Amino acid sequence: MTEQTQIVLPPHPRGFHLVTHFIEDAIVLPETGVLHIFIRHTSAGLTINENADPTVQSDLEASFNHIVKENEPFYRHTYEGPDDMPAHIKSSMVGSSLSIPITNGRLNLGTWQGIYLCEFRNHGGSRKLVLTIVS
Amino acid sequence: MTEQTQIVLPPHPRGFHLVTHFIEDAIVLPETGVLHIFIRHTSAGLTINENADPTVQSDLEASFNHIVKENEPFYRHTYEGPDDMPAHIKSSMVGSSLSIPITNGRLNLGTWQGIYLCEFRNHGGSRKLVLTIVS
Amino acid sequence: MTEQTQIVLPPHPRGFHLVTHFIEDAIVLPETGVLHIFIRHTSAGLTINENADPTVQSDLEASFNHIVKENEPFYRHTYEGPDDMPAHIKSSMVGSSLSIPITNGRLNLGTWQGIYLCEFRNHGGSRKLVLTIVS
């Protein structure tokens, strides 16, 4: 059985942002299953990472900027600004979807795991997510 | 309920290639669910990215080549050619599978999203995909 | 229908380790479906890669260390040791979950594909996995 809903995340500045609460507030979970989360954009992504220390979030942002630099001389897709092509590359690195097990009616995340919106554009605007529960 | 089919993508040259149409032509979608796509190879990958501008595709290829270089002095797995070990690394970066929500009988991709085969070998040959629909 | 079980992988040293047998020994597979594997940690990951040549495993370890370096001057999350922040970054790169098709009662992996635990900490200890079968 699958249930599905779509939500819109409000605009976030460029960076890695915990959005677990937006997801949990939007759905009623079954006892057992898998929650699939999909972002309908190609310059943002979704990931799971450490949910407690804000320096993890700023270090993730700094690190992806270091690994995927702006203004590389070989970029040809440049007309949407210096943050655009790096955003596409990063989105393929972290991925466009997450699948999280549901156990005893709750997301079975580890103690330190949170759901992140990876906003790779300087001004990405609101972002649409599709949430599908398979049970 | 799950339905499954296997398809073979024809050989593609090294690079990032839109293959959405190969997938859509191979399956009949239910009203609601998730499509899971799996590539049965370790030197190619699957990703979702921008579906309109060909320079995104060439920039993705150039960028992954820049981040994961050939002929690194620390590579020991070299007997299959200089493109082989980088292909394995890139495949772990982009991943071997995609999960895409199905809504109203269609893949619920964003306007600018397409499904990519990431062919990381110079001559990778045809590539086998397993498509599983969960509904 | 979903079935779910949780397993604990014994401690592995830092590196890329084939763990396919731990997974297969823990579950009974249906004829057709998808196996979802989730790791409940943010400094380790899961990936699929080449299952035969041990130099692929050591080259993956060397390559991710090269791309995501320790002791970058911009890291601020440093109090858990030099291997900690790189572990978080790498885990977002390879991902926290895998989805593998089940066909004819078996994992439908390619000939050369194996399931890897990516242990990014020097002393990560045992690691908890949640296995969910959707069929």
# chains A, B, ... in the order shown; residues from 1 in each chain; ligands from 1
>>> closest_atom_pairs(of="chain B", to="chain C", cutoff="10 Å", atoms="only C-alpha atoms", output="tab-separated table")
residue	atom	partner	partner_atom	distance
B:Met1	CA	C:Ser135	CA	6.1
B:Thr2	CA	C:Ser135	CA	5.7
B:Glu3	CA	C:Thr32	CA	7.8
B:Gln4	CA	C:Thr32	CA	7.6
B:Thr5	CA	C:Thr103	CA	9.6
B:His36	CA	C:Ser99	CA	8.0
B:Ile37	CA	C:Pro101	CA	8.5
B:Phe38	CA	C:Ile100	CA	7.0
B:Ile39	CA	C:Gly110	CA	8.1
B:Arg40	CA	C:Gly110	CA	4.4
B:His41	CA	C:Gly110	CA	5.9
B:Thr42	CA	C:Asn49	CA	5.2
B:Ser43	CA	C:Asn49	CA	8.2
B:Ile67	CA	C:Ile67	CA	7.1
B:Val68	CA	C:Ile67	CA	7.7
B:Lys69	CA	C:Ser63	CA	9.5
B:Glu72	CA	C:Ser63	CA	8.8
B:Phe74	CA	C:Ala62	CA	7.1
B:Tyr75	CA	C:Asp59	CA	5.6
B:Arg76	CA	C:Thr55	CA	5.9
B:His77	CA	C:Thr55	CA	5.4
B:Thr78	CA	C:Thr55	CA	9.1
B:Asp84	CA	C:Val56	CA	9.9
B:Met85	CA	C:Val56	CA	7.2
B:Pro86	CA	C:Ser63	CA	8.9
B:His88	CA	C:Asn49	CA	6.7
B:Ile89	CA	C:Leu60	CA	6.2
B:Lys90	CA	C:Val94	CA	9.8
B:Ser91	CA	C:Asn49	CA	7.7
B:Ser92	CA	C:Val94	CA	5.8
B:Met93	CA	C:Val94	CA	5.3
B:Val94	CA	C:Val94	CA	7.4
B:Gly95	CA	C:Val94	CA	7.1
B:Ser96	CA	C:Ile48	CA	7.0
B:Ser97	CA	C:Ser99	CA	7.0
B:Leu98	CA	C:Ser99	CA	8.4
B:Ser99	CA	C:Ser99	CA	8.5
B:Lys128	CA	C:Gly110	CA	8.6
B:Leu129	CA	C:Gly110	CA	9.8
B:Val130	CA	C:Pro101	CA	7.1
B:Leu131	CA	C:Pro101	CA	8.1
B:Thr132	CA	C:Pro101	CA	6.9
B:Ile133	CA	C:Gly33	CA	8.7
B:Val134	CA	C:Ser135	CA	7.6
B:Ser135	CA	C:Ser135	CA	9.6
>>> select_by_dssp(residues="chain C", states="helix (DSSP H, G or I)", output="number ranges by chain")
C: 20-26, 54-67, 84-94
>>> write_last_selection(atoms="N, CA and C atoms", output="tab-separated table (two decimals), in the first residue's frame")
chain	number	residue	atom	x	y	z
C	20	THR	N	28.08	-8.28	1.89
C	20	THR	CA	26.94	-8.93	1.24
C	20	THR	C	26.45	-10.14	2.03
C	21	HIS	N	27.39	-10.94	2.52
C	21	HIS	CA	27.01	-12.18	3.22
C	21	HIS	C	26.27	-11.91	4.53
C	22	PHE	N	26.63	-10.84	5.23
C	22	PHE	CA	25.90	-10.50	6.46
C	22	PHE	C	24.43	-10.21	6.15
C	23	ILE	N	24.21	-9.53	5.04
C	23	ILE	CA	22.84	-9.17	4.65
C	23	ILE	C	22.07	-10.42	4.24
C	24	GLU	N	22.66	-11.19	3.34
C	24	GLU	CA	21.95	-12.36	2.81
C	24	GLU	C	21.65	-13.38	3.90
C	25	ASP	N	22.51	-13.49	4.88
C	25	ASP	CA	22.29	-14.46	5.96
C	25	ASP	C	21.16	-14.04	6.90
C	26	ALA	N	20.80	-12.74	6.87
C	26	ALA	CA	19.85	-12.23	7.87
C	26	ALA	C	18.40	-12.25	7.40
C	54	PRO	N	40.63	-6.99	-4.31
C	54	PRO	CA	40.85	-6.22	-3.08
C	54	PRO	C	41.48	-4.85	-3.32
C	55	THR	N	42.17	-4.65	-4.45
C	55	THR	CA	42.75	-3.33	-4.70
C	55	THR	C	41.67	-2.30	-5.00
C	56	VAL	N	40.50	-2.72	-5.45
C	56	VAL	CA	39.40	-1.76	-5.60
C	56	VAL	C	39.03	-1.19	-4.23
C	57	GLN	N	39.02	-2.06	-3.23
C	57	GLN	CA	38.65	-1.62	-1.88
C	57	GLN	C	39.68	-0.63	-1.33
C	58	SER	N	40.95	-0.93	-1.50
C	58	SER	CA	41.97	-0.01	-0.96
C	58	SER	C	42.04	1.27	-1.80
C	59	ASP	N	41.79	1.16	-3.10
C	59	ASP	CA	41.76	2.37	-3.94
C	59	ASP	C	40.56	3.26	-3.61
C	60	LEU	N	39.41	2.65	-3.30
C	60	LEU	CA	38.26	3.46	-2.87
C	60	LEU	C	38.61	4.23	-1.60
C	61	GLU	N	39.21	3.54	-0.64
C	61	GLU	CA	39.60	4.20	0.61
C	61	GLU	C	40.58	5.34	0.33
C	62	ALA	N	41.62	5.07	-0.47
C	62	ALA	CA	42.62	6.10	-0.77
C	62	ALA	C	41.98	7.27	-1.52
C	63	SER	N	41.06	6.99	-2.40
C	63	SER	CA	40.48	8.04	-3.24
C	63	SER	C	39.57	8.96	-2.43
C	64	PHE	N	38.73	8.37	-1.59
C	64	PHE	CA	37.86	9.23	-0.78
C	64	PHE	C	38.68	10.04	0.23
C	65	ASN	N	39.79	9.47	0.71
C	65	ASN	CA	40.68	10.25	1.58
C	65	ASN	C	41.34	11.41	0.83
C	66	HIS	N	41.59	11.19	-0.45
C	66	HIS	CA	42.21	12.22	-1.28
C	66	HIS	C	41.22	13.35	-1.60
C	67	ILE	N	39.98	12.97	-1.87
C	67	ILE	CA	38.97	13.96	-2.26
C	67	ILE	C	38.45	14.72	-1.03
C	84	ASP	N	36.71	12.60	11.96
C	84	ASP	CA	35.27	12.70	12.18
C	84	ASP	C	34.53	13.53	11.12
C	85	MET	N	34.96	14.77	10.91
C	85	MET	CA	34.24	15.59	9.93
C	85	MET	C	34.36	15.00	8.52
C	86	PRO	N	35.56	14.55	8.10
C	86	PRO	CA	35.61	13.88	6.79
C	86	PRO	C	34.63	12.69	6.71
C	87	ALA	N	34.45	11.99	7.81
C	87	ALA	CA	33.51	10.86	7.81
C	87	ALA	C	32.08	11.34	7.52
C	88	HIS	N	31.69	12.46	8.11
C	88	HIS	CA	30.34	12.98	7.84
C	88	HIS	C	30.18	13.37	6.36
C	89	ILE	N	31.21	14.01	5.81
C	89	ILE	CA	31.13	14.44	4.41
C	89	ILE	C	31.03	13.23	3.48
C	90	LYS	N	31.90	12.25	3.73
C	90	LYS	CA	31.89	11.05	2.88
C	90	LYS	C	30.55	10.32	2.99
C	91	SER	N	29.96	10.31	4.19
C	91	SER	CA	28.69	9.58	4.33
C	91	SER	C	27.59	10.24	3.51
C	92	SER	N	27.63	11.58	3.39
C	92	SER	CA	26.65	12.24	2.51
C	92	SER	C	26.96	11.99	1.04
C	93	MET	N	28.21	11.73	0.71
C	93	MET	CA	28.56	11.44	-0.69
C	93	MET	C	28.12	10.05	-1.13
C	94	VAL	N	28.35	9.05	-0.31
C	94	VAL	CA	27.98	7.70	-0.73
C	94	VAL	C	26.54	7.37	-0.34
>>> calpha_fit_and_write(fixed="chain A", moving="chain C", output="compact mmCIF listing (two decimals) with C-alpha atoms, in the first residue's frame")
# COMPACT_ATOMS: atom_id res chain seq x y z
CA MET C 1 0.00 -0.01 0.00
CA THR C 2 1.36 3.42 -0.86
CA GLU C 3 0.30 6.81 0.45
CA GLN C 4 1.64 10.02 -0.98
CA THR C 5 1.65 13.70 -0.20
CA GLN C 6 3.49 16.73 -1.54
CA ILE C 7 4.86 19.55 0.57
CA VAL C 8 6.67 22.80 -0.12
CA LEU C 9 9.67 23.75 1.99
CA PRO C 10 9.96 27.50 2.57
CA PRO C 11 13.00 29.23 1.05
CA HIS C 12 16.26 28.46 2.82
CA PRO C 13 19.58 30.25 2.32
CA ARG C 14 22.39 28.37 0.62
CA GLY C 15 23.63 25.69 3.00
CA PHE C 16 22.74 22.45 4.77
CA HIS C 17 19.51 22.68 6.78
CA LEU C 18 17.77 20.22 9.09
CA VAL C 19 14.21 19.72 7.87
CA THR C 20 13.21 16.57 9.77
CA HIS C 21 10.34 18.38 11.50
CA PHE C 22 8.80 19.55 8.20
CA ILE C 23 8.66 15.93 7.06
CA GLU C 24 7.36 14.45 10.30
CA ASP C 25 4.64 17.09 10.59
CA ALA C 26 3.32 16.32 7.09
CA ILE C 27 2.63 12.59 7.39
CA VAL C 28 1.05 9.90 9.54
CA LEU C 29 3.30 6.88 9.64
CA PRO C 30 2.21 3.23 9.56
CA GLU C 31 3.69 0.65 11.93
CA THR C 32 6.25 -0.67 9.44
CA GLY C 33 7.41 0.46 6.04
CA VAL C 34 9.67 2.83 4.15
CA LEU C 35 9.33 6.58 3.72
CA HIS C 36 10.57 7.83 0.37
CA ILE C 37 11.35 11.55 0.06
CA PHE C 38 11.99 13.09 -3.36
CA ILE C 39 13.04 16.65 -4.23
CA ARG C 40 11.72 17.92 -7.57
CA HIS C 41 14.73 20.15 -8.32
CA THR C 42 18.20 19.76 -9.84
CA SER C 43 20.11 22.41 -7.88
CA ALA C 44 19.29 21.15 -4.38
CA GLY C 45 19.49 17.74 -2.76
CA LEU C 46 18.58 15.64 0.25
CA THR C 47 20.89 13.86 2.66
CA ILE C 48 21.02 12.40 6.14
CA ASN C 49 23.67 13.65 8.53
CA GLU C 50 24.49 14.67 12.09
CA ASN C 51 21.61 16.49 13.77
CA ALA C 52 23.20 18.15 16.80
CA ASP C 53 26.22 20.35 16.13
CA PRO C 54 25.70 23.41 13.88
CA THR C 55 29.38 23.32 12.89
CA VAL C 56 28.69 20.08 11.02
CA GLN C 57 26.25 22.03 8.87
CA SER C 58 28.68 24.85 8.11
CA ASP C 59 31.53 22.38 7.55
CA LEU C 60 29.39 20.41 5.07
CA GLU C 61 28.70 23.63 3.18
CA ALA C 62 32.39 24.65 3.21
CA SER C 63 33.52 21.18 2.17
CA PHE C 64 31.21 20.78 -0.79
CA ASN C 65 32.20 24.29 -1.93
CA HIS C 66 35.84 23.22 -1.68
CA ILE C 67 35.35 19.97 -3.61
CA VAL C 68 33.02 21.46 -6.26
CA LYS C 69 34.34 24.95 -6.90
CA GLU C 70 32.66 27.90 -8.58
CA ASN C 71 34.07 29.49 -11.72
CA GLU C 72 36.02 26.47 -12.94
CA PRO C 73 37.50 27.39 -16.33
CA PHE C 74 35.94 24.30 -17.92
CA TYR C 75 32.33 25.22 -17.03
CA ARG C 76 30.22 26.13 -20.05
CA HIS C 77 26.82 26.23 -18.31
CA THR C 78 27.43 29.65 -16.73
CA TYR C 79 24.54 31.93 -17.73
CA GLU C 80 22.52 31.27 -14.55
CA GLY C 81 25.35 32.49 -12.30
CA PRO C 82 28.47 31.03 -10.69
CA ASP C 83 26.45 29.04 -8.14
CA ASP C 84 24.35 27.19 -10.73
CA MET C 85 26.58 24.55 -12.31
CA PRO C 86 28.21 23.64 -8.97
CA ALA C 87 24.67 23.20 -7.63
CA HIS C 88 23.88 20.64 -10.35
CA ILE C 89 27.10 18.71 -9.64
CA LYS C 90 26.52 18.67 -5.89
CA SER C 91 22.92 17.52 -6.36
CA SER C 92 24.16 14.46 -8.28
CA MET C 93 26.67 13.80 -5.49
CA VAL C 94 24.24 13.83 -2.57
CA GLY C 95 21.21 12.64 -4.53
CA SER C 96 17.61 13.68 -5.08
CA SER C 97 15.89 11.22 -2.77
CA LEU C 98 16.05 9.47 0.58
CA SER C 99 14.50 6.24 1.77
CA ILE C 100 14.10 5.82 5.53
CA PRO C 101 12.73 2.76 7.32
CA ILE C 102 9.61 3.11 9.45
CA THR C 103 9.58 0.98 12.60
CA ASN C 104 6.96 0.94 15.36
CA GLY C 105 5.23 3.89 13.76
CA ARG C 106 8.31 6.14 13.72
CA LEU C 107 11.15 7.00 11.34
CA ASN C 108 13.90 4.59 12.37
CA LEU C 109 16.70 7.15 12.29
CA GLY C 110 19.78 6.72 14.46
CA THR C 111 20.15 8.95 17.50
CA TRP C 112 22.34 11.43 15.65
CA GLN C 113 20.61 11.33 12.27
CA GLY C 114 18.55 14.14 10.82
CA ILE C 115 17.09 14.85 7.39
CA TYR C 116 18.81 17.68 5.52
CA LEU C 117 17.77 19.94 2.71
CA CYS C 118 20.97 20.73 0.80
CA GLU C 119 20.27 24.14 -0.73
CA PHE C 120 23.01 24.66 -3.30
CA ARG C 121 21.71 27.90 -4.89
CA ASN C 122 22.27 31.34 -3.36
CA HIS C 123 18.55 32.09 -3.77
CA GLY C 124 16.87 28.76 -4.47
CA GLY C 125 13.39 29.77 -3.34
CA SER C 126 10.86 27.27 -2.04
CA ARG C 127 11.45 23.58 -2.80
CA LYS C 128 8.87 20.91 -3.58
CA LEU C 129 9.09 17.48 -1.98
CA VAL C 130 7.08 14.35 -2.72
CA LEU C 131 6.64 12.03 0.28
CA THR C 132 5.61 8.44 -0.44
CA ILE C 133 5.01 5.86 2.27
CA VAL C 134 5.27 2.21 1.25
CA SER C 135 3.90 -0.23 3.82
>>> select_by_dssp(residues="stretch 4-82 of chain A", states="strand (DSSP E)", output="ChimeraX atom specification")
/A:4-9,15-18,33-39,44-50
